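Have a look at start-v3.cif; it's mmCIF, N, CA and C atoms:
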data_structure
loop_
_atom_site.label_atom_id
_atom_site.label_comp_id
_atom_site.auth_asym_id
_atom_site.auth_seq_id
_atom_site.Cartn_x
_atom_site.Cartn_y
_atom_site.Cartn_z
N MET A 1067 102.24 155.12 26.62
CA MET A 1067 102.86 154.15 25.73
C MET A 1067 104.32 153.95 26.12
N ILE A 1068 104.67 152.71 26.28
CA ILE A 1068 106.05 152.38 26.65
C ILE A 1068 106.77 151.95 25.39
N GLY A 1069 107.85 152.66 25.09
CA GLY A 1069 108.61 152.35 23.88
C GLY A 1069 109.97 151.77 24.22
N PRO A 1070 110.81 151.66 23.22
CA PRO A 1070 112.15 151.13 23.46
C PRO A 1070 112.94 152.09 24.34
N LYS A 1071 113.87 151.54 25.10
CA LYS A 1071 114.70 152.35 25.97
C LYS A 1071 115.57 153.27 25.12
N ARG A 1072 115.56 154.52 25.46
CA ARG A 1072 116.35 155.49 24.70
C ARG A 1072 117.67 155.74 25.41
N SER A 1073 118.69 155.91 24.63
CA SER A 1073 119.99 156.26 25.19
C SER A 1073 120.55 157.43 24.41
N ARG A 1074 121.39 158.16 25.06
CA ARG A 1074 121.96 159.34 24.42
C ARG A 1074 123.06 158.95 23.45
N GLY A 1075 123.25 159.79 22.47
CA GLY A 1075 124.33 159.58 21.51
C GLY A 1075 123.92 158.69 20.36
N ARG A 1076 124.80 158.62 19.41
CA ARG A 1076 124.56 157.82 18.23
C ARG A 1076 124.93 156.37 18.50
N ARG A 1077 124.13 155.48 18.02
CA ARG A 1077 124.45 154.06 18.16
C ARG A 1077 125.61 153.72 17.25
N SER A 1078 126.50 152.93 17.77
CA SER A 1078 127.69 152.59 17.01
C SER A 1078 127.66 151.13 16.59
N ASN A 1079 127.98 150.88 15.38
CA ASN A 1079 128.12 149.50 14.88
C ASN A 1079 129.59 149.17 14.65
N LEU A 1080 130.47 149.93 15.31
CA LEU A 1080 131.90 149.79 15.10
C LEU A 1080 132.41 148.37 15.37
N PHE A 1081 131.93 147.75 16.47
CA PHE A 1081 132.45 146.44 16.85
C PHE A 1081 131.51 145.30 16.48
N LYS A 1082 130.45 145.60 15.81
CA LYS A 1082 129.48 144.56 15.46
C LYS A 1082 130.08 143.61 14.44
N GLY A 1083 130.07 142.34 14.76
CA GLY A 1083 130.61 141.32 13.86
C GLY A 1083 132.12 141.23 13.87
N MET A 1084 132.78 141.97 14.73
CA MET A 1084 134.25 141.97 14.78
C MET A 1084 134.72 140.90 15.76
N THR A 1085 135.68 140.11 15.36
CA THR A 1085 136.26 139.11 16.26
C THR A 1085 137.74 139.42 16.41
N LEU A 1086 138.20 139.38 17.63
CA LEU A 1086 139.60 139.65 17.92
C LEU A 1086 140.30 138.35 18.26
N PRO A 1087 141.54 138.18 17.81
CA PRO A 1087 142.28 136.96 18.14
C PRO A 1087 142.70 136.98 19.61
N HIS A 1088 142.85 135.82 20.20
CA HIS A 1088 143.33 135.73 21.57
C HIS A 1088 144.79 136.12 21.61
N MET A 1089 145.17 136.91 22.62
CA MET A 1089 146.57 137.31 22.74
C MET A 1089 147.42 136.15 23.25
N TYR A 1090 146.84 135.35 24.14
CA TYR A 1090 147.56 134.23 24.71
C TYR A 1090 146.69 132.99 24.58
N ASP A 1091 147.04 132.12 23.65
CA ASP A 1091 146.23 130.93 23.41
C ASP A 1091 146.18 129.99 24.60
N ALA A 1092 147.31 129.81 25.24
CA ALA A 1092 147.39 128.88 26.36
C ALA A 1092 147.21 129.59 27.70
N GLY A 1093 146.92 130.87 27.70
CA GLY A 1093 146.80 131.62 28.93
C GLY A 1093 148.16 132.10 29.41
N ARG A 1094 148.14 132.89 30.45
CA ARG A 1094 149.40 133.38 31.03
C ARG A 1094 149.58 132.79 32.40
N SER A 1095 150.82 132.65 32.80
CA SER A 1095 151.09 132.11 34.13
C SER A 1095 151.34 133.27 35.09
N ILE A 1096 151.18 133.00 36.38
CA ILE A 1096 151.45 134.01 37.39
C ILE A 1096 152.67 133.58 38.19
N PRO A 1097 153.39 134.52 38.78
CA PRO A 1097 154.59 134.15 39.55
C PRO A 1097 154.25 133.21 40.71
N ASN A 1098 155.21 132.38 41.06
CA ASN A 1098 154.99 131.40 42.13
C ASN A 1098 154.63 132.06 43.45
N ALA A 1099 155.23 133.21 43.76
CA ALA A 1099 154.93 133.90 45.02
C ALA A 1099 153.45 134.31 45.07
N LYS A 1100 152.93 134.80 43.96
CA LYS A 1100 151.52 135.18 43.92
C LYS A 1100 150.63 133.94 44.03
N TRP A 1101 151.02 132.86 43.38
CA TRP A 1101 150.25 131.62 43.44
C TRP A 1101 150.18 131.11 44.88
N LYS A 1102 151.32 131.17 45.60
CA LYS A 1102 151.33 130.71 46.99
C LYS A 1102 150.46 131.60 47.87
N ASP A 1103 150.49 132.92 47.62
CA ASP A 1103 149.64 133.83 48.38
C ASP A 1103 148.16 133.54 48.13
N LEU A 1104 147.81 133.37 46.87
CA LEU A 1104 146.41 133.05 46.53
C LEU A 1104 145.97 131.74 47.17
N LYS A 1105 146.86 130.75 47.11
CA LYS A 1105 146.55 129.44 47.65
C LYS A 1105 146.30 129.53 49.16
N SER A 1106 147.03 130.41 49.84
CA SER A 1106 146.85 130.55 51.28
C SER A 1106 145.53 131.26 51.63
N LEU A 1107 144.91 131.92 50.65
CA LEU A 1107 143.67 132.65 50.87
C LEU A 1107 142.43 131.87 50.43
N PHE A 1108 142.60 130.67 49.91
CA PHE A 1108 141.46 129.90 49.41
C PHE A 1108 140.38 129.71 50.47
N HIS A 1109 140.77 129.53 51.71
CA HIS A 1109 139.78 129.28 52.76
C HIS A 1109 138.91 130.51 53.05
N LEU A 1110 139.34 131.69 52.61
CA LEU A 1110 138.57 132.92 52.82
C LEU A 1110 137.65 133.24 51.63
N MET A 1111 137.85 132.57 50.51
CA MET A 1111 137.12 132.88 49.28
C MET A 1111 135.85 132.05 49.16
N PRO A 1112 134.84 132.60 48.45
CA PRO A 1112 133.67 131.78 48.13
C PRO A 1112 134.09 130.61 47.23
N SER A 1113 133.40 129.50 47.33
CA SER A 1113 133.81 128.29 46.61
C SER A 1113 133.81 128.48 45.09
N ASP A 1114 132.90 129.30 44.56
CA ASP A 1114 132.91 129.50 43.11
C ASP A 1114 134.12 130.32 42.68
N ALA A 1115 134.64 131.17 43.54
CA ALA A 1115 135.85 131.94 43.20
C ALA A 1115 137.10 131.07 43.28
N VAL A 1116 137.10 130.13 44.20
CA VAL A 1116 138.26 129.24 44.35
C VAL A 1116 138.48 128.44 43.08
N ALA A 1117 137.41 128.00 42.46
CA ALA A 1117 137.55 127.23 41.22
C ALA A 1117 138.25 128.05 40.14
N PHE A 1118 137.95 129.35 40.07
CA PHE A 1118 138.60 130.21 39.09
C PHE A 1118 140.10 130.31 39.39
N TYR A 1119 140.45 130.57 40.64
CA TYR A 1119 141.86 130.75 40.98
C TYR A 1119 142.65 129.45 40.88
N LYS A 1120 142.01 128.32 41.13
CA LYS A 1120 142.71 127.05 40.98
C LYS A 1120 143.04 126.77 39.52
N ALA A 1121 142.30 127.38 38.60
CA ALA A 1121 142.55 127.17 37.17
C ALA A 1121 143.75 127.98 36.68
N LEU A 1122 144.20 128.96 37.47
CA LEU A 1122 145.38 129.73 37.07
C LEU A 1122 146.62 128.86 37.15
N LYS A 1123 147.59 129.17 36.30
CA LYS A 1123 148.80 128.36 36.25
C LYS A 1123 149.97 129.12 36.86
N PRO A 1124 150.67 128.52 37.83
CA PRO A 1124 151.88 129.16 38.34
C PRO A 1124 153.00 129.07 37.31
N ALA A 1125 153.89 130.04 37.34
CA ALA A 1125 155.02 130.07 36.40
C ALA A 1125 156.00 128.96 36.75
N ALA A 1126 156.86 128.65 35.78
CA ALA A 1126 157.94 127.69 36.04
C ALA A 1126 158.86 128.30 37.09
N ASP A 1127 159.63 127.48 37.77
CA ASP A 1127 160.45 127.94 38.90
C ASP A 1127 161.39 129.09 38.53
N ASN A 1128 161.99 129.03 37.37
CA ASN A 1128 163.00 130.03 37.00
C ASN A 1128 162.42 131.21 36.26
N VAL A 1129 161.16 131.14 35.86
CA VAL A 1129 160.59 132.16 34.99
C VAL A 1129 159.76 133.14 35.79
N ALA A 1130 160.06 134.42 35.65
CA ALA A 1130 159.24 135.46 36.30
C ALA A 1130 158.20 135.92 35.30
N ALA A 1131 157.04 136.29 35.79
CA ALA A 1131 155.99 136.82 34.90
C ALA A 1131 156.44 138.16 34.34
N ASP A 1132 156.00 138.49 33.15
CA ASP A 1132 156.44 139.69 32.46
C ASP A 1132 156.20 140.96 33.27
N ASP A 1133 155.01 141.12 33.81
CA ASP A 1133 154.66 142.35 34.50
C ASP A 1133 155.41 142.52 35.81
N ASP A 1134 155.60 141.45 36.54
CA ASP A 1134 156.21 141.55 37.85
C ASP A 1134 157.71 141.78 37.78
N ALA A 1135 158.35 141.35 36.73
CA ALA A 1135 159.78 141.58 36.59
C ALA A 1135 160.06 143.08 36.51
N ALA A 1136 159.21 143.82 35.84
CA ALA A 1136 159.40 145.26 35.73
C ALA A 1136 158.99 145.97 37.00
N ASP A 1137 158.03 145.44 37.76
CA ASP A 1137 157.53 146.10 38.96
C ASP A 1137 158.54 146.09 40.10
N ASP A 1138 159.52 145.21 40.06
CA ASP A 1138 160.50 145.14 41.14
C ASP A 1138 161.31 146.42 41.26
N ASN A 1139 161.46 147.16 40.17
CA ASN A 1139 162.29 148.36 40.17
C ASN A 1139 161.49 149.64 40.37
N LEU A 1140 160.22 149.54 40.66
CA LEU A 1140 159.41 150.74 40.83
C LEU A 1140 159.74 151.42 42.14
N ASP A 1141 159.83 152.76 42.11
CA ASP A 1141 160.04 153.55 43.31
C ASP A 1141 158.76 154.34 43.56
N LEU A 1142 157.99 153.91 44.54
CA LEU A 1142 156.71 154.53 44.79
C LEU A 1142 156.76 155.62 45.85
N ASP A 1143 157.94 155.89 46.39
CA ASP A 1143 158.06 156.96 47.38
C ASP A 1143 157.93 158.31 46.71
N ASN A 1144 157.16 159.18 47.32
CA ASN A 1144 156.97 160.51 46.78
C ASN A 1144 157.74 161.48 47.66
N ASP A 1145 158.88 161.94 47.16
CA ASP A 1145 159.76 162.81 47.96
C ASP A 1145 159.48 164.29 47.74
N MET A 1146 158.38 164.62 47.09
CA MET A 1146 158.05 166.01 46.84
C MET A 1146 157.54 166.66 48.13
N GLU A 1147 158.02 167.87 48.41
CA GLU A 1147 157.57 168.59 49.60
C GLU A 1147 156.91 169.87 49.23
#

Go through the file and emit its structure as structure tokens.
Amino acid sequence: MIGPKRSRGRRSNLFKGMTLPHMYDAGRSIPNAKWKDLKSLFHLMPSDAVAFYKALKPAADNVAADDDAADDNLDLDNDME
């Protein structure tokens, strides 16, 4: 007899019926440098992926994206010996 698939643990209804608001209604923009890099790689991507990346919005000329502004100061060198 084949029954329903069993899984371990208790089933959770924690998120059932829960709706979360969108954090960014209009979406987020990416820095112009990243947009130019992506644009230069379009010829290497599958056509269905290109449509996704073309829908991304580059940032305004003077505006840096939130995440990348902080990443400029990261020191990734590991000087531990």

- Query: Interatomic distance between CA of Ala1099 (chain A) and atom N of Ala1125 (chain A)?
  - Reply: 8.7 Å

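Pairwise distance (CA of Pro1124 (chain A), CA of Leu1104 (chain A)) equals 10.6 Å.
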
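With atom C of Lys1123 (chain A) on one side and atom C of Leu1086 (chain A) on the other, the separation reads 22.9 Å.
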
- Filtered DSSP result for region 1077-1122 of chain A, state alpha helix (DSSP H), as a list in words: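 Everything in region 1077-1122 of chain A that counts as alpha helix (DSSP H) is Asn1098, Ala1099, Lys1100, Trp1101, Lys1102, Asp1103, Leu1104, Lys1105, Ser1106, Ser1113, Asp1114, Ala1115, Val1116, Ala1117, Phe1118, Tyr1119 and Lys1120 of chain A.
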
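Point (145.6, 131.5, 32.9) has the following residues at most 8 Å away: A:Ala1092, A:Gly1093, A:Arg1094, A:Ser1095, A:Ile1096, A:Ala1121, A:Leu1122, A:Lys1123, A:Pro1124 (atoms considered: all atoms listed in the file).
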
- Message: If we count only C-alpha atoms and set the cut-off at 10 Å, which residues sit around Tyr1119 (chain A), ignoring sequence neighbours fewer than 6 positions away in its own chain? Please answer as a list in words.
- Response: Trp1101, Leu1104, Lys1105, Phe1108 and Met1111 of chain A
